[in-house]
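*Asks:* Shown below is the structure under consideration.
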Amino acid sequence: MEKRPGVFSGKVGLTFLTPALFFVAIFLILPFFWIFYLSFTNRTLTGVTAANPQFVGLENYQRLFDFDQWMRYGQFGNALKITFQFVLGSALLGQAVVGLTVAWAFYRRKGLLRETVFTLAVLAWIIPEVVVAFAWSAFLDVDRGTLNTILSAVGLGQPDWLFDYPLLTIIIFNTWRGSAFSILLFSSALETIPPSYVETADVVGASAWRKFRDIIFPLMRGHILTDLILITLWTFNVFTPFLLTGGGPTFRTELVSIYTYRTAFKFFEFGRGGAIAVVMMLINFMLAMGYLIALRRQKAVS
Amino acid sequence: MFRKAMLVRMLVIVAMISTLSAAFAGPAAAQDEIKLTMTCRCVADGVNSELVGWLLEHVIPTFEEAMAAEGKNVTVELVQFGGSDEQLKEQYALDLGVGGGYDLFSFDGFWVPEFVDAGLLQPLHTVAGDVVDEWEGWGHISEGIQAILGYQGERYGIAAGTDVREIFYRRDLFEEAGIEVPWQPTSWEEILEAGRILKEAGVETPIQINAGTAMGEATTMQGWDMVLLGAGQHMYDFDEGKWNVSSPAILDALNLYKTIYLDEELGDARLQLIADGRDRSFADFASGKIAILVEGDWFWRSAILSQMEEETRNEVVTWAKMPAKEPGAGFRGQDFVTISGGTGWVLNPNTDHPEEAWALLAHMSSQDMQLIWEEILPRINFRDDVPVAGDEVMSAMADELLPLTTVRPMLPDYAKVSYEAQLMTERVVSGEMSPEEAMEAYAEAVTDIVGEDNVIVIPVE
């Protein structure tokens with residue numbers, strides 16, 4: 001096949017890219033190297049080490065992986081464990097499953113109900129974080145919250161959600177918050193499946209589950225993979241639960257993002273904060289690599 | 001060819017933008033209006049609202065007039081900050097760290113060392129010049145109060161006053177429960193006993209002594225220090241220049257927390273662990289869920305007034321001195337203990353108008369302005385020519401407690417050690433660790449911060 005000439009020459013293309021590359025360099029690449037450098041110093045924002053930071057080698061990393069106290073509340077291991085549970089619960093089990101269920105439930109359907117559900121899901125996704133957190137705080141308040149008012153009216157008591165079940169609460173919160181992406185992605189993926197496949201299955205009298213397992217799922221595998229990787233990355237870095245719980249009580253909702261914030265901006269330990277950020281970047285990098293490799297394999301198969 | 005044309009076009013656009021922005025910046029620069037900004041943890045109708053009233057109605061108008069009389073067009077903007085003290089400190093550190101920030105800002109004394117060591121604050125005379133040392137006010141401020149915002153012999157700001165800590169209790173609830181008022185416990189056991197009787201009488205969680213990291217410095221000062229001093233020890237040994245990290249006194253103090261929050265449930269452990277626990281403790285005290293609360297005099301003169309009318313406060317709230325574990329067992333062999341801190345105002349070294357910023361600070365710290373302030377909110381003033389006015393309770397607290405008081409060490413590591421003390425109490429009241437384990441973890445963490453040569457370990461028998 002003859003190669004078609006592009007609309008623009010390579011040089012013009014580069015000219016158009018320059019502003020974007022410039023901003024990426026200033027706001028992403030430079031800070032990355034700055035943080036990488038910081039993570040080998042004892043730099044702080046206040047105190048003597050703010051004015052005269054010193055090179056400390058791997059000390060910050062050693063402290064991060066100090067296995068004596070690793071799993072104690074408020075330590076890095078504990079934060080990693082909580083983050084892992086949070087990602088598993090709210091991204092993989094929560095958003096992906098809700099997304100798939102809703103998309104499948106409204107497959108090839110139109111009408112008011114579908115529009116209402118989709119609109120509400122998208123609203124939950126796009127409302128600013130502070131507004132959402134405020135609404136949920138009011139919703140979950142132990143004495144005067146909407147949820148407990150309803151529950152106690154039907155005789156189910158007044159559970160103290162943010163105190164007794166903090167992790168479960170932020171998992172449900174984040175599922176609610178982010179399911180829209182999965183719903184939309186899976187819905188459009190379903191649209192691409194030729195109706196004739198499902199109709200043929202209908203003719204032979206296949207059950208809904210068999211149709212899903214043997215027709216829909218294999219055709220959607222690529223989309224599901226994309227969805228899982230993307231929401232894992234996002235959930236891994238999410239900070240909004242801080243607005244609900246502040247990472248507490250007793251660090252039981254301290255995600256790694258909150259741990260980083262606390263180290264760098266509450267204790268002003270920039271060096272240590274930098275080390276955590278570098279470890280976080282490595283984890284993100286591995287997740288993204290896994291994504292790219294899986295995608296490539298997927299393409300090779302199809 | 002194409003590239004050249006494009007370059008020219010881009011240059012033209014850049015030139016246009018810069019001309020436009022210059023045109024907008026022009027008129028503002030032409031007037032020689034001086035804009036000063038100041039901030040504090042104060043919000044109209046919210047936290048420290050009296051301060052907002054005093055600044056906006058008295059200090060700022062009279063200052064602007066005085067400046068106008070000198071032929072200067074100065075306007076002052078007050079930026080009201082509604083977050084916590086910890087968040088305010090974070091804001092200052094970040095602002096100053098990038099060379100910005102407000103011209104004048106309220107500041108807690110114990111933040112000074114770490115900010116100075118970082119080069120974020122400069123001595124007043126470095127910022128504003130000799131006029132600072134010539135100020136008439138220094139002659140009316142004692143050395144001790146000047147030291148609140150001082151460090152290594154330099155003055156970094158002017159203190160707004162000092163405070164003391166004590167027990168506040170609900171006179172009405174005590175009477176209902178059949179406890180004689182006025183009440184003055186002379187040992188921890190008597191506090192617990194009152195708590196038991198109150199609980200019996202239907203007060204849900206009668207005792208509040210701050211614990212946990214969420215309350216920040218309010219846990220260290222109003223909670224941990226008050227208990228530890230009562231057990232006979234200070235967090236820091238001033239004679240040795242070392243930190244007490246493990247001792248029978250620390251263990252006694254932690255066991256008191258355990259008794260109150262876990263063993264007898266005389267206090268509400270949940271309040272110590274949630275994000276807004278301190279505010280809720282005030283609300284619970286006002287609604288009668290809590291009857292005994294250890295706080296600073298700020299609680300009396302300001303915090304409680306956002307929960308109840310002044311008249312109601314005078315009727316139902318009163319105070320007692322915090323006793324040692326047993327008579328004579330307190331810090332320095334005292335029967336009763338208290339500790340003082342202090343806040344004030346500092347000048348931003350990055351200010352564009354140091355002369356006017358200092359003039360504002362001197363003006364608000366003048367006798368005239370402070371006399372007005374005392375009328376609005378009687379407190380222990382920093383000037384010896386401004387007496388506590390019109391509040392006998394406040395005067396009594398000052399007279400009885402100032403002779404007993406002590407202070408925090410002014411050291412850059414203090415904030416970190418203080419956090420570890422808060423964490424230690426949190427671990428006990430949440431049941432995560434026993435008092436022994438929590439003390440061990442504290443000793444480990446503090447030794448890590450200050451170094452092995454700077455800690456004192458007294459073995460527990």
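Ordering of the structure tokens sets the chain letters (A, B, ...), residue numbers begin anew at 1 in every chain, and ligands are numbered from 1 in the order given.
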Using only C-alpha atoms, find the residues of chain A whose closest atom to chain B is at most 12 Å away, then write them as a VMD selection string.

*Replies:* chain A and resid 8 to 9 11 to 16 43 to 53 63 68 to 69 72 to 74 137 141 to 142 160 to 164 166 242 to 253 261 to 270

*Asks:* Can you list, as a ChimeraX atom specification, every protein, DNA or RNA residue that comes within 7 Å of region 277-290 of chain A when you count only C-alpha atoms, leaving out same-chain residues fewer than 6 positions away?

*Replies:* /A:36,233,260

*Asks:* At a cut-off of 12 Å, using only C-alpha atoms, what residues contact Ala177 (chain B)? Leave out same-chain residues fewer than 4 positions from it and give the result as a count of residues only.

*Replies:* 18

*Asks:* What's around Asn73 (chain B) at 9 Å? Count only C-alpha atoms, leave out sequence neighbours fewer than 3 positions away in its own chain, and write the answer as a PDB file with N, CA and C atoms, in the first residue's frame.

*Replies:*
```pdb
ATOM      1  N   ASP B  32      -0.320  56.125  44.239  1.00  0.00           N
ATOM      2  CA  ASP B  32       0.574  55.487  45.196  1.00  0.00           C
ATOM      3  C   ASP B  32      -0.204  55.005  46.409  1.00  0.00           C
ATOM      4  N   GLU B  33      -1.184  54.189  46.125  1.00  0.00           N
ATOM      5  CA  GLU B  33      -1.943  53.562  47.201  1.00  0.00           C
ATOM      6  C   GLU B  33      -1.125  52.393  47.739  1.00  0.00           C
ATOM      7  N   ILE B  34      -1.033  52.310  49.056  1.00  0.00           N
ATOM      8  CA  ILE B  34      -0.321  51.186  49.657  1.00  0.00           C
ATOM      9  C   ILE B  34      -1.355  50.227  50.219  1.00  0.00           C
ATOM     10  N   LYS B  35      -1.304  48.996  49.741  1.00  0.00           N
ATOM     11  CA  LYS B  35      -2.264  47.998  50.231  1.00  0.00           C
ATOM     12  C   LYS B  35      -1.564  47.045  51.172  1.00  0.00           C
ATOM     13  N   GLU B  64      -5.795  53.683  59.291  1.00  0.00           N
ATOM     14  CA  GLU B  64      -5.856  54.331  57.973  1.00  0.00           C
ATOM     15  C   GLU B  64      -5.935  55.850  58.121  1.00  0.00           C
ATOM     16  N   MET B  67      -2.506  57.175  59.058  1.00  0.00           N
ATOM     17  CA  MET B  67      -1.634  57.172  57.878  1.00  0.00           C
ATOM     18  C   MET B  67      -1.992  58.329  56.946  1.00  0.00           C
ATOM     19  N   ALA B  68      -3.303  58.554  56.792  1.00  0.00           N
ATOM     20  CA  ALA B  68      -3.757  59.641  55.924  1.00  0.00           C
ATOM     21  C   ALA B  68      -3.237  60.979  56.459  1.00  0.00           C
ATOM     22  N   GLU B  70      -0.520  61.449  57.818  1.00  0.00           N
ATOM     23  CA  GLU B  70       0.888  61.573  57.405  1.00  0.00           C
ATOM     24  C   GLU B  70       1.016  61.727  55.899  1.00  0.00           C
TER      25      GLU B  70
END
```

*Asks:* I need the residues of region 184-317 of chain B that end up classed as strand (DSSP E) by DSSP on the backbone, written out as an MDAnalysis selection string.

*Replies:* chainID B and resid 207:208 236:237 242:246 292:296 317

*Asks:* Between CA of Asn174 (chain A) and CA of Gly99 (chain A), what is the spacing in Å?

*Replies:*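 CA of Asn174 (chain A) lies at a distance of 13.1 Å from CA of Gly99 (chain A).
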
*Asks:* Which distance in Å separates CA of Arg41 (chain B) and CA of Asn350 (chain B), to one decimal?

*Replies:*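 Separating CA of Arg41 (chain B) from CA of Asn350 (chain B) is a distance of 20.6 Å.
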
*Asks:* Quick check, in Å to one decimal: how far apart do CA of Leu228 (chain A) and CA of Gly274 (chain A) lie?

*Replies:*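 Straight-line distance from CA of Leu228 (chain A) to CA of Gly274 (chain A) works out to 27.7 Å.
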
*Asks:* Determine, counting only C-alpha atoms, which protein, DNA and RNA residues have an atom within 7 Å of an atom of Ile292 (chain B); residues of the same chain fewer than 4 positions away are not included. Present the result as a list in words.

*Replies:*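 Here the qualifying residues turn out to be Ile167, Phe168, Tyr169, Arg170, Pro206, Ile207 and Gln208 of chain B.
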
*Asks:* Excluding Glu50 (chain B) and any residue of its chain fewer than 4 positions from it, enumerate the residues within 12 Å of it, using only C-alpha atoms, and give them as a count of residues only.

*Replies:* 25
